[in-house]
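*Asks:* The structure is given below, and queries will be raised subsequently.
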Amino acid sequence: MKVWFKNMVLAYSGKCDGLVYYYNEKLGRMKSRKYVIPRRTEQNARFTSISVNLKALNISEDYKNDLRDYTLRYSTLNQYKTRPCLNWYSVFTLLMWNMSRALGIDLATLTREQIESEELPCRSVKDAVEAGLLPPVLNYQRLDRLI
């Protein structure tokens with residue numbers, strides 16, 4: 001649902017009347033969604049363990065910068081306007097889930113040592129694009145810093 005304010009306040013965010021409001025800078029609009037308390041399920045627990053494990057990989061700042069560059073280049077392409085990636089972490093999680101599906105890797109047990117020893121395609125953004133895990137963008141060959 002799109003939210004329109006007569007006098008736009010960019011810093012307004014929070015919960016009110018069962019809705020969550022937030023401003024998305026890249027889309028340039030205020031958004032809202034229904035506030036839903038997540039149910040505790042087996043899938044939620046698995047997703048939580050995967051998220052904690054991906055954070056524990058402790059990726060390098062250079063790799064994050066490559067992901068940021070990829071995000072900027074991705075968002076300029078017209079063919080991907082309907083599926084925007086708004087930040088580096090969304091690109092990182094997309095990459096990891098695509099790798100998990102393609103290679104049958106369990107993200108809940110993935111380690112940094114496994115990434116380096118098996119030379120998995122998530123080692124660099126360039127390798128991920130060449131492996132088909134991410135869509136190609138302009139000059140992706142320069143995004144070769146290691147995780």
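Every chain in the structure tokens has a letter given in the order shown (A, B, ...), and although residue numbers restart at 1 in each chain, ligands are simply numbered from 1 in the order shown.
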Produce a table with one row for each residue of region 56-112 of chain A that has an atom at most 12 Å from any atom of region 14-26 of chain A, each row naming the nearest atom pair and its distance in Å at one decimal; use only C-alpha atoms; arrange rows by chain and rising residue number; format as JSON lines.
*Replies:*
```
{"residue": "A:Thr71", "atom": "CA", "partner": "A:Lys26", "partner_atom": "CA", "distance": 11.2}
{"residue": "A:Leu72", "atom": "CA", "partner": "A:Lys26", "partner_atom": "CA", "distance": 10.3}
{"residue": "A:Ser75", "atom": "CA", "partner": "A:Lys26", "partner_atom": "CA", "distance": 9.4}
{"residue": "A:Thr76", "atom": "CA", "partner": "A:Lys26", "partner_atom": "CA", "distance": 11.5}
{"residue": "A:Lys81", "atom": "CA", "partner": "A:Lys26", "partner_atom": "CA", "distance": 11.7}
{"residue": "A:Pro84", "atom": "CA", "partner": "A:Lys26", "partner_atom": "CA", "distance": 9.4}
{"residue": "A:Cys85", "atom": "CA", "partner": "A:Lys26", "partner_atom": "CA", "distance": 9.6}
{"residue": "A:Leu86", "atom": "CA", "partner": "A:Lys26", "partner_atom": "CA", "distance": 6.7}
{"residue": "A:Asn87", "atom": "CA", "partner": "A:Lys26", "partner_atom": "CA", "distance": 9.2}
```
*Asks:* Sorted by chain and rising residue number, list the residues of region 14-78 of chain A at most 10 Å from region 121-134 of chain A (counting only C-alpha atoms), each with its closest atom pair and distance in Å to one decimal, as a Markdown table.
*Replies:*
```
| residue | atom | partner | partner_atom | distance |
| --- | --- | --- | --- | --- |
| A:Ile59 | CA | A:Arg123 | CA | 9.8 |
| A:Tyr63 | CA | A:Ser124 | CA | 7.1 |
| A:Lys64 | CA | A:Val125 | CA | 9.8 |
| A:Asp66 | CA | A:Val125 | CA | 7.0 |
| A:Leu67 | CA | A:Val125 | CA | 7.0 |
| A:Asp69 | CA | A:Val125 | CA | 10.0 |
| A:Tyr70 | CA | A:Val125 | CA | 7.9 |
| A:Tyr74 | CA | A:Leu134 | CA | 9.9 |
```
*Asks:* Identify, on the basis of only C-alpha atoms, every residue whose closest approach to Ala56 (chain A) does not exceed 9 Å; exclude the query and any residue fewer than 5 positions from it along the same chain; express the result as a list of chain:residue names.
*Replies:*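 These residues fall inside the cut-off: A:Ser51, A:Thr111, A:Arg112.
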*Asks:* Pick the closest to Thr93 (chain A) from A:Leu143, A:Leu138, A:Met30, A:Leu107: which is it, counting only C-alpha atoms?
*Replies:* A:Leu107
*Asks:* Identify, with DSSP run on backbone atoms, the residues in region 2-106 of chain A assigned to alpha helix (DSSP H), and express the list as a ChimeraX atom specification.
*Replies:* /A:42-56,61-75,88-103
*Asks:* Where in chain A does DSSP assign strand (DSSP E), given as a list in words?
*Replies:*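 Matching residues, listed in order: Lys2, Val3, Gly14, Lys15, Cys16, Leu19, Val20, Tyr21, Tyr22, Tyr23, Asn24, Arg29, Met30, Lys31, Ser32, Arg33 and Lys34 of chain A.
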*Asks:* Can you tell me which residues surround Ser49 (chain A) at a distance of at most 10 Å, considering only C-alpha atoms, apart from same-chain residues fewer than 5 positions away, and format the answer as a ChimeraX atom specification?
*Replies:* /A:43-44,54-55,107-109
*Asks:* Measure the distance from CA of Asn53 (chain A) to CA of Ile37 (chain A) in Å and round it to one decimal.
*Replies:*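 According to the coordinates, CA of Asn53 (chain A) and CA of Ile37 (chain A) are separated by 23.4 Å.
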